[in-house]
Each structure stands twice: as C-alpha cells, then as structure tokens.
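Everything on this sheet refers to the single structure shown next.
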Amino acid sequence: MLRLLALLLPLLPQPARAREPSAQDVSLGVDWLTRYGYLPPPHPAQAQLQSPAKLRDAIKVMQRFAGLPETGVLDPVTVATMHKPRCSLPDVLGAAGLVRRRRRYALSGTVWKKRTLTWRVNSFPQGSVLSQETVRTLMHHALTTWGVESGLEFQEVGSQDPMEPDILIDFARAYHQDSYPFDGQGGTLAHAFFPGEHSISGDTHFDDEEIWTFGSKDGEGTDLFAVAVHEFGHALGLGHSSAANSIMRPFYQGPVGNPTEYRLSQDDLEGLQQLYGKAAQTPLDKPTRKPLAPPPPPPALPPDRPSQPVPDRCDGHFDAIANIRGETFFFKGPWFWRLQPSGQLVSPRPARLHRFWEGLPAQVKVIQAAYARPPDGRILLFSGPQFWVFQDRQLEGAARPLTELGLPAGEEVDAVFSWPLNGKTYLIRGRRYWRYDEAAARPDPGYPRDLSLWEGAPHAPDDVTVSNTEYLAFPGAQPADSLQPWTRLTTAAVPSCSGLYRTGLPRTLNPRLALHLLL
C-alpha cells in the first residue's frame with residue numbers, strides 16, 4: 001500500500017494554496033476507483049502496481065462521469081464527489097469503458113428476449129413516509145418511463161402468482177445475500193442486476209436505511225422515483241452514462257419531477273433503443289399472466305413553497321453530540337447532522353429527528369444527550385426527565401424515567417457518556433455527576449459527586465462524548481474517576497464551517513482515546 005500511495009503522490013494538486021489530500025483520502029481514492037471499475041483489482045499472486053499514467057487516466061474517466069474538469073488529479077472536489085450518494089454498480093464495464101466514445105451511454109451486453117416483463121414489490125421500506133400504494137405507483141411509472149420509448153410492456157403480478165417475476169423489487173439493509181451490501185444512509189442507494197437467465201437477473205434492491213421520499217422541495221431524503229428510474233435502466237441492460245443530463249449518471253441528482261410527465265434524455269433514449277428498438281417498431285406481446293389491477297395515480301407533488309427553515313450548523317451551538325457506531329451525531333432542536341469517520345457529512349442538510357428515530361414521541365423537540373449503550377449497542381436519547389431506548393432506528397417500549405439511572409425524580413441531564421475502560425456511564429447535570437454500572441445494570445452508590453473531583457474539568461460542560469480518532473487525544477487514560485487532562489475543541493472539522501469541532505492537538509501524541517467537550 002505504501003508503494004501505491006507513493007505512485008499517487010504525483011497526481012496530487014501542485015498549486016501552493018491547494019489542500020493536498022491526506023493519506024486517508026488517497027487510500028480512499030484508490031479503493032473507490034477499484035470498486036467502481038476504473039482500476040482493475042489487485043492480483044492476489046502478484047505485486048504489480050498501476051503506472052502513474054494509468055492512475056491519471058482512471059481519475060480522468062471518473063471526473064468525466066461526475067461532470068468535473070478532467071484534470072487527472074485527486075483534488076478536494078474529486079475526493080468530495082467520491083463521498084456522494086450513488087448507485088452500487090460499477091461505472092466502467094470492462095477495459096473498453098476507459099476509451100472516450102462519441103456516445104456517452106454504456107450497454108451491459110445483455111437484453112431481455114421478450115417484450116412483456118413482469119414485476120413485483122417483494123418488500124417495502126420500513127417506517128417510510130411513503131405508503132405501500134405510493135411505492136407501487138412510483139415503481140409502475142418508473143418502469144413505464146422506459147416502456148413508452150421502447151415498446152416494452154411491464155405487468156405487475158401478485159405474490160400468489162406461481163412464477164417468479166422478471167423484476168423482483170426489495171428494500172433491504174446491509175448484507176442481503178448478493179455482492180453489493182448496503183452501507184447505511186447516505187452511501188450507496190440502490191442497485192439492479194442486468195438481464196439474463198439467472199434467478200437474480202433484473203432484480204432491483206433499494207437501501208432500506210435511506211429516508212425515501214417523493215418530490216421533496218427542501219432536499220430532505222432521497223427521491224424514490226428518480227432512483228427507481230435509474231435502477232430500472234440497469235435492469236433493462238443499460239450501464240452508467242457520463243452525459244450531463246442522463247438519468248443513468250452514477251451519482252444521485254435529486255428529484256426529476258412529475259412521474260406522468262418525466263421523459264428520458266436523448267442519451268438514455270439512444271441507449272435504450274440500441275437495445276430494444278423504437279416503440280413503433282416493436283409490437284407488444286399478448287399478456288400470458290394475469291396482471292394486478294393498475295396502481296393508483298401518483299401522489300401530487302408538494303406545492304412550491306419556501307423551504308422550512310433549518311438551523312445553521314456553523315454557529316457552534318448544539319444541544320447534544322454523541323459518537324454512535326463510529327459516526328458523530330450533532331443534535332440541534334428537531335434536527336441532527338451525521339459526521340462520518342472520514343470527516344465528511346452524510347448530508348450538509350440536517351435530518352429530522354422524528355423521521356429517523358422511528359417512534360420518538362412528537363412532543364420531543366430537543367435531544368439533550370445521547371449515547372450508545374456498551375453491552376448491547378442500544379441507543380439512548382435523553383430529553384427532560386426521561387429517556388428512550390432504540391434498537392437501530394426503532395423505538396423499544398415507552399419513555400423511561402431518569403430515576404432508573406440513579407437521578408432524583410424530575411432531574412434532567414446536560415451530558416451523558418460511557419467510559420470504555422471501566423464500563424461505567426457518567427450522567428452530568430451542572431456541577432454534579434452520577435455513575436451507572438452497565439454490567440450490573442444499576443446505579444453506583446455514593447453519587448452524585450462534584451465535578452471538581454475531575455482535575456481541570458471545565459465548569460458545567462454541555463456535553464461529552466468519547467471516541468476513537470486520530471484527531472483527538474486523551475493520553476494517560478485511567479479507569480477511575482480521574483478523567484484528565486481535559487481538552488477543549490478548537491479546530492473546524494467541516495470545510496467552510498467552524499461549528500463542528502475537533503481538537504488541534506499534535507498528532508505526535510499517538511492518542512488512544514478522545515474526549516470532546518462542548519462549552
């Protein structure tokens with residue numbers, strides 16, 4: 001890997017003022033280019049490396065697909081594009097994809113050998129704002145978008161049909177028994193399999209951890225219709241396109257409008273008709289299986305209105321910060337942001353509390369503290385004198401009083417964190433703190449105590465979170481109450497925004513743990 005990174009160094013930006021990618025960015029870039037077909041995977045029995053020229057060519061092709069200037073340099077904009085939500089399938093299908101073509105569309109080389117295709121939604125998104133009827137309707141219109149231009153007909157069949165449909169649609173999470181596991185909200189969105197004779201041919205999978213919406217005007221969530229049109233292009237045999245207005249570009253581009261009015265771009269149309277011909281030249285097969293009744297009309301698009309005001313993440317005032325399963329959550333009113341371990345935001349726009357945390361009572365308007373419980377990974381959200389327990393995003397049971405954790409009735413918390421070296425959870429209110437034994441599932445006796453016992457601790461911190469990171473340091477960690485030295489957060493973690501913080505400690509400390517404090 002070190003030799004490969006050395007080869008990439010000439011590809012980094014040369015201007016003095018340009019920010020050079022970190023070693024993590026370079027490593028991510030090589031992995032990303034390999035994953036999506038721009039570079040061949042390394043041979044396990046050989047130590048052969050790609051030449052700088054081939055690496056530069058691969059970066060240029062990636063930039064072409066992304067609509068970026070084709071510099072061949074792994075600059076910050078290119079690295080940021082690699083973090084954008086996108087389709088799971090590779091962009092380059094074979095070595096021929098690296099050659100510039102007059103046409104931008106790509107063909108997989110396989111087609112359906114029949115004119116009437118069947119489909120069914122096998123599973124629906126959990127906890128989505130979209131009803132099952134709406135999901136069916138959006139799928140129907142996404143398929144029709146391709147059918148009206150090619151003469152293909154798509155028939156929805158029910159679960160009682162004895163034969164499997166040609167296109168089986170599922171909403172799944174993480175690993176789901178194919179080669180493209182999902183990665184949670186904001187990464188890979190969906191994928192579909194090319195036509196063929198295999199049982200999985202044509203099947204289309206959507207990441208159930210995405211917040212699926214339709215026609216959202218404020219940019220919240222991921223538009224299901226737009227992604228479905230893209231994926232069904234794959235299910236019919238189209239690869240990714242580098243054309244600027246193509247629905248087959250690999251990166252998510254946002255809503256595309258009314259399903260009954262949407263039409264394919266010229267590039268998409270040419271690719272489709274290269275495979276199936278034009279509609280006027282391809283008479284339809286007669287149906288051989290009984291289709292379901294047509295789904296209802298598509299829902300009306302939300303009316304044009306000013307976007308709902310959202311808080312400014314750059315003012316630095318957050319209600320709570322928590323490290324949950326490697327990501328840092330920043331809570332502010334009924335919103336929150338998620339910062340990935342790479343330092344990239346999942347989305348620059350915050351997500352809504354109640355759309356993400358399914359079952360959280362509507363009257364909860366602010367989260368005062370949050371943490372992931374060490375024994376079982378459950379996520380606890382605190383507001384007022386109560387807390388709620390979540391398994392992933394699903395609420396488990398009703399609100400629970402803080403008295404279960406040792407606090408007096410009616411008391412609230414300012415900060416909660418779990419200390420990994422002693423298995424204890426600390427709950428802070430003002431200058432006092434309580435301690436909870438996670439292993440024994442009971443409060444420790446002899447509390448509350450005063451924060452002055454923690455030498456150098458700031459007065460009444462608003463929040464505390466512990467994480468593993470190279471940017472934050474907590475040297476000399478001790479298993480008891482002597483949790484020091486404290487470190488104040490000073491360095492901006494998000495470009496052009498000083499409201500999300502990291503410490504600016506020297507990296508020579510070789511830190512093991514980190515302690516964030518919001519003052």
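All residue names refer to the structure tokens as shown: chains lettered A, B, ... in order, residues numbered from 1 in each chain, ligands numbered from 1 in order.
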Query raised in the report: Which residues, written as a PyMOL selection string, have at least one atom at most 7 Å from range 260-275 of chain A, with only C-alpha atoms counted and residues fewer than 3 positions away on the same chain left out?
Result: chain A and resi 104-105+111+141+145+150+238+243+245-246+257+278
So that I have them on file, write out the residues from the current selection with N, CA and C atoms, as a PDB file, in the first residue's frame.
```pdb
ATOM      1  N   ARG A 104     -22.295   8.633 -24.981  1.00  0.00           N
ATOM      2  CA  ARG A 104     -21.976   8.613 -23.560  1.00  0.00           C
ATOM      3  C   ARG A 104     -22.584   7.402 -22.860  1.00  0.00           C
ATOM      4  N   TYR A 105     -23.695   6.879 -23.381  1.00  0.00           N
ATOM      5  CA  TYR A 105     -24.344   5.760 -22.711  1.00  0.00           C
ATOM      6  C   TYR A 105     -23.492   4.502 -22.840  1.00  0.00           C
ATOM      7  N   VAL A 111     -29.723  -8.365 -22.945  1.00  0.00           N
ATOM      8  CA  VAL A 111     -31.066  -7.807 -23.107  1.00  0.00           C
ATOM      9  C   VAL A 111     -32.087  -8.875 -22.755  1.00  0.00           C
ATOM     10  N   HIS A 141     -44.640   3.800 -12.594  1.00  0.00           N
ATOM     11  CA  HIS A 141     -44.323   4.902 -13.502  1.00  0.00           C
ATOM     12  C   HIS A 141     -42.843   4.916 -13.879  1.00  0.00           C
ATOM     13  N   THR A 145     -41.711   4.714 -17.794  1.00  0.00           N
ATOM     14  CA  THR A 145     -40.808   5.681 -18.421  1.00  0.00           C
ATOM     15  C   THR A 145     -39.955   5.017 -19.501  1.00  0.00           C
ATOM     16  N   SER A 150     -39.743   2.212 -25.839  1.00  0.00           N
ATOM     17  CA  SER A 150     -39.138   1.008 -26.406  1.00  0.00           C
ATOM     18  C   SER A 150     -40.143  -0.027 -26.870  1.00  0.00           C
ATOM     19  N   LEU A 238     -28.824  -1.266 -19.444  1.00  0.00           N
ATOM     20  CA  LEU A 238     -28.004  -0.063 -19.584  1.00  0.00           C
ATOM     21  C   LEU A 238     -26.993   0.044 -18.448  1.00  0.00           C
ATOM     22  N   ALA A 243     -23.131  11.355 -19.668  1.00  0.00           N
ATOM     23  CA  ALA A 243     -23.849  12.507 -20.219  1.00  0.00           C
ATOM     24  C   ALA A 243     -24.419  13.357 -19.088  1.00  0.00           C
ATOM     25  N   ASN A 245     -27.070  15.216 -18.637  1.00  0.00           N
ATOM     26  CA  ASN A 245     -28.487  15.184 -18.272  1.00  0.00           C
ATOM     27  C   ASN A 245     -29.061  13.776 -18.253  1.00  0.00           C
ATOM     28  N   SER A 246     -28.208  12.771 -18.217  1.00  0.00           N
ATOM     29  CA  SER A 246     -28.678  11.386 -18.235  1.00  0.00           C
ATOM     30  C   SER A 246     -29.132  10.936 -16.853  1.00  0.00           C
ATOM     31  N   GLY A 257     -39.139  15.329 -10.975  1.00  0.00           N
ATOM     32  CA  GLY A 257     -40.428  15.909 -11.323  1.00  0.00           C
ATOM     33  C   GLY A 257     -41.572  14.921 -11.329  1.00  0.00           C
ATOM     34  N   LYS A 278     -37.295   1.090 -31.352  1.00  0.00           N
ATOM     35  CA  LYS A 278     -38.281   2.110 -31.027  1.00  0.00           C
ATOM     36  C   LYS A 278     -39.644   1.487 -30.797  1.00  0.00           C
TER      37      LYS A 278
END
```
Requested in this report: Counting only C-alpha atoms, figure out which residue out of A:Arg435, A:Asp203, A:Pro195, A:Leu55 gets nearest to Asp178 in chain A.
Outcome: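 Looking only at the distances to Asp178 in chain A, the closest residue turns out to be A:Asp203.
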Query - Distance query Ala440 in chain A at most 12 Å, only C-alpha atoms, self and fewer than 4 positions along chain excluded, as a VMD selection string - result: chain A and resid 375 405 423 to 425 435 to 436 444
Env of Arg173 in chain A: 9 Å cut, atoms = only C-alpha atoms, seq-sep filter 3 positions within chain, self excluded. Answer as a PDB file with N, CA and C atoms, in the first residue's frame.
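Wrote part05.pdb, looks like this:
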```pdb
ATOM      1  N   HIS A 176     -27.392  -8.511   2.148  1.00  0.00           N
ATOM      2  CA  HIS A 176     -28.691  -9.098   1.847  1.00  0.00           C
ATOM      3  C   HIS A 176     -28.562 -10.170   0.764  1.00  0.00           C
ATOM      4  N   PRO A 181     -23.502  -5.305  -0.670  1.00  0.00           N
ATOM      5  CA  PRO A 181     -24.120  -4.943   0.610  1.00  0.00           C
ATOM      6  C   PRO A 181     -24.281  -3.437   0.729  1.00  0.00           C
ATOM      7  N   PHE A 182     -25.362  -3.021   1.374  1.00  0.00           N
ATOM      8  CA  PHE A 182     -25.597  -1.598   1.578  1.00  0.00           C
ATOM      9  C   PHE A 182     -24.805  -1.100   2.780  1.00  0.00           C
ATOM     10  N   ASP A 183     -24.629   0.218   2.840  1.00  0.00           N
ATOM     11  CA  ASP A 183     -23.742   0.805   3.841  1.00  0.00           C
ATOM     12  C   ASP A 183     -24.420   1.836   4.724  1.00  0.00           C
ATOM     13  N   GLY A 184     -25.750   1.796   4.824  1.00  0.00           N
ATOM     14  CA  GLY A 184     -26.441   2.757   5.666  1.00  0.00           C
ATOM     15  C   GLY A 184     -26.773   4.027   4.917  1.00  0.00           C
ATOM     16  N   PHE A 206     -33.185  -1.658  -3.069  1.00  0.00           N
ATOM     17  CA  PHE A 206     -33.037  -0.307  -2.527  1.00  0.00           C
ATOM     18  C   PHE A 206     -32.598  -0.409  -1.068  1.00  0.00           C
ATOM     19  N   ASP A 207     -31.723   0.496  -0.648  1.00  0.00           N
ATOM     20  CA  ASP A 207     -31.243   0.503   0.733  1.00  0.00           C
ATOM     21  C   ASP A 207     -32.359   0.983   1.659  1.00  0.00           C
ATOM     22  N   ASP A 208     -32.801   0.123   2.544  1.00  0.00           N
ATOM     23  CA  ASP A 208     -33.922   0.459   3.423  1.00  0.00           C
ATOM     24  C   ASP A 208     -33.527   1.447   4.517  1.00  0.00           C
ATOM     25  N   GLU A 209     -32.247   1.716   4.673  1.00  0.00           N
ATOM     26  CA  GLU A 209     -31.834   2.702   5.672  1.00  0.00           C
ATOM     27  C   GLU A 209     -31.853   4.131   5.129  1.00  0.00           C
TER      28      GLU A 209
END
```
**Report entry** Within 8 Å of Gly333 in chain A using only C-alpha atoms, minus same-chain residues under 2 positions, as a list in words
**Finding:** Asp319, Phe331, Trp335, Phe336, Lys365, Val366 and Ile367 of chain A
Please save C-alpha atoms of the selected residues as a JSON list (two decimals), in the first residue's frame.
```json
[["chain", "number", "residue", "atom", "x", "y", "z"],
["A", 319, "ASP", "CA", -27.99, 20.55, 22.14],
["A", 331, "PHE", "CA", -28.32, 17.38, 17.61],
["A", 335, "TRP", "CA", -32.75, 18.22, 13.59],
["A", 336, "PHE", "CA", -29.39, 16.46, 13.54],
["A", 365, "LYS", "CA", -38.48, 18.82, 20.41],
["A", 366, "VAL", "CA", -34.88, 18.64, 21.60],
["A", 367, "ILE", "CA", -32.34, 15.94, 22.48]]
```
Query - Spatial neighbours of range 56-66 of chain A, 6 Å, only C-alpha atoms, chain gap at least 3 places, as a PyMOL selection string - result: chain A and resi 38+53+70+72+242
Requested in this report: Can you list, as a list in words, all residues belonging to range 332-465 of chain A that DSSP tags as alpha helix (DSSP H)?
Outcome: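 Everything in range 332-465 of chain A that counts as alpha helix (DSSP H) is Leu353, His354, Arg355 and Phe356 of chain A.
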Emit the selected residues as an mmCIF file, in the first residue's frame, including N, CA and C atoms.
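Result written to part11.cif:
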```cif
data_model
loop_
_atom_site.group_PDB
_atom_site.id
_atom_site.type_symbol
_atom_site.label_atom_id
_atom_site.label_comp_id
_atom_site.auth_asym_id
_atom_site.auth_seq_id
_atom_site.Cartn_x
_atom_site.Cartn_y
_atom_site.Cartn_z
ATOM 1 N N LEU A 353 -35.450 14.637 13.358
ATOM 2 C CA LEU A 353 -35.435 13.653 14.437
ATOM 3 C C LEU A 353 -36.484 12.570 14.230
ATOM 4 N N HIS A 354 -37.717 12.976 13.981
ATOM 5 C CA HIS A 354 -38.830 12.037 14.030
ATOM 6 C C HIS A 354 -38.945 11.196 12.765
ATOM 7 N N ARG A 355 -38.277 11.602 11.697
ATOM 8 C CA ARG A 355 -38.263 10.754 10.510
ATOM 9 C C ARG A 355 -37.207 9.666 10.620
ATOM 10 N N PHE A 356 -36.160 9.957 11.364
ATOM 11 C CA PHE A 356 -35.071 8.989 11.506
ATOM 12 C C PHE A 356 -35.310 8.063 12.693
#
```
Report task. Tell me, as an NGL selection string, which residues lie within 10 Å of Val310 in chain A, counting only C-alpha atoms; anything in the same chain fewer than 4 positions away does not count. Result -> :A and (218 or 332-335 or 349-352)
Would you mind exporting N, CA and C atoms of the selected residues as a compact mmCIF listing (two decimals), in the first residue's frame?
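As written to disk, part_1.txt reads:
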```txt
# COMPACT_ATOMS: atom_id res chain seq x y z
N ASP A 218 -37.49 20.53 -0.20
CA ASP A 218 -36.44 21.08 0.66
C ASP A 218 -35.17 20.25 0.65
N LYS A 332 -29.60 19.38 17.18
CA LYS A 332 -29.96 20.79 17.33
C LYS A 332 -31.45 20.93 17.10
N GLY A 333 -32.21 21.17 18.18
CA GLY A 333 -33.66 21.23 18.04
C GLY A 333 -34.18 19.93 17.47
N PRO A 334 -35.16 19.98 16.56
CA PRO A 334 -35.71 18.75 15.98
C PRO A 334 -34.90 18.25 14.78
N TRP A 335 -33.61 18.59 14.72
CA TRP A 335 -32.75 18.22 13.59
C TRP A 335 -31.46 17.58 14.10
N ARG A 349 -27.40 19.03 4.72
CA ARG A 349 -28.69 19.41 5.29
C ARG A 349 -29.03 18.44 6.42
N PRO A 350 -29.51 18.94 7.56
CA PRO A 350 -29.80 18.04 8.67
C PRO A 350 -31.01 17.16 8.41
N ALA A 351 -31.06 16.04 9.10
CA ALA A 351 -32.21 15.14 9.04
C ALA A 351 -33.16 15.48 10.19
N ARG A 352 -34.42 15.13 10.01
CA ARG A 352 -35.41 15.37 11.07
C ARG A 352 -35.36 14.25 12.10
```
Report summary line: Atom pair CA of Val413 in chain A + CA of Ala369 in chain A, distance 7.2 Å
Requested in this report: Could you please determine the separation between CA of Arg400 in chain A and CA of Phe382 in chain A in Å, to one decimal place?
Outcome: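 Computing the Euclidean distance for CA of Arg400 in chain A and CA of Phe382 in chain A yields 9.6 Å.
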Query raised in the report: Between A:Pro76, A:Gly196, A:Gly326, A:Pro52, which is the closest to Asp166 in chain A once you count only C-alpha atoms?
Result: A:Gly196
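Using only C-alpha atoms for every distance, the candidate list A:Ile379, A:Val92, A:Ala172, A:Val121 yields A:Val92 as the residue closest to Ser241 in chain A.
Nearest residue to Gly186 in chain A among A:Phe417, A:Phe124, A:Trp119, A:Trp337 is A:Trp337, counting only C-alpha atoms.
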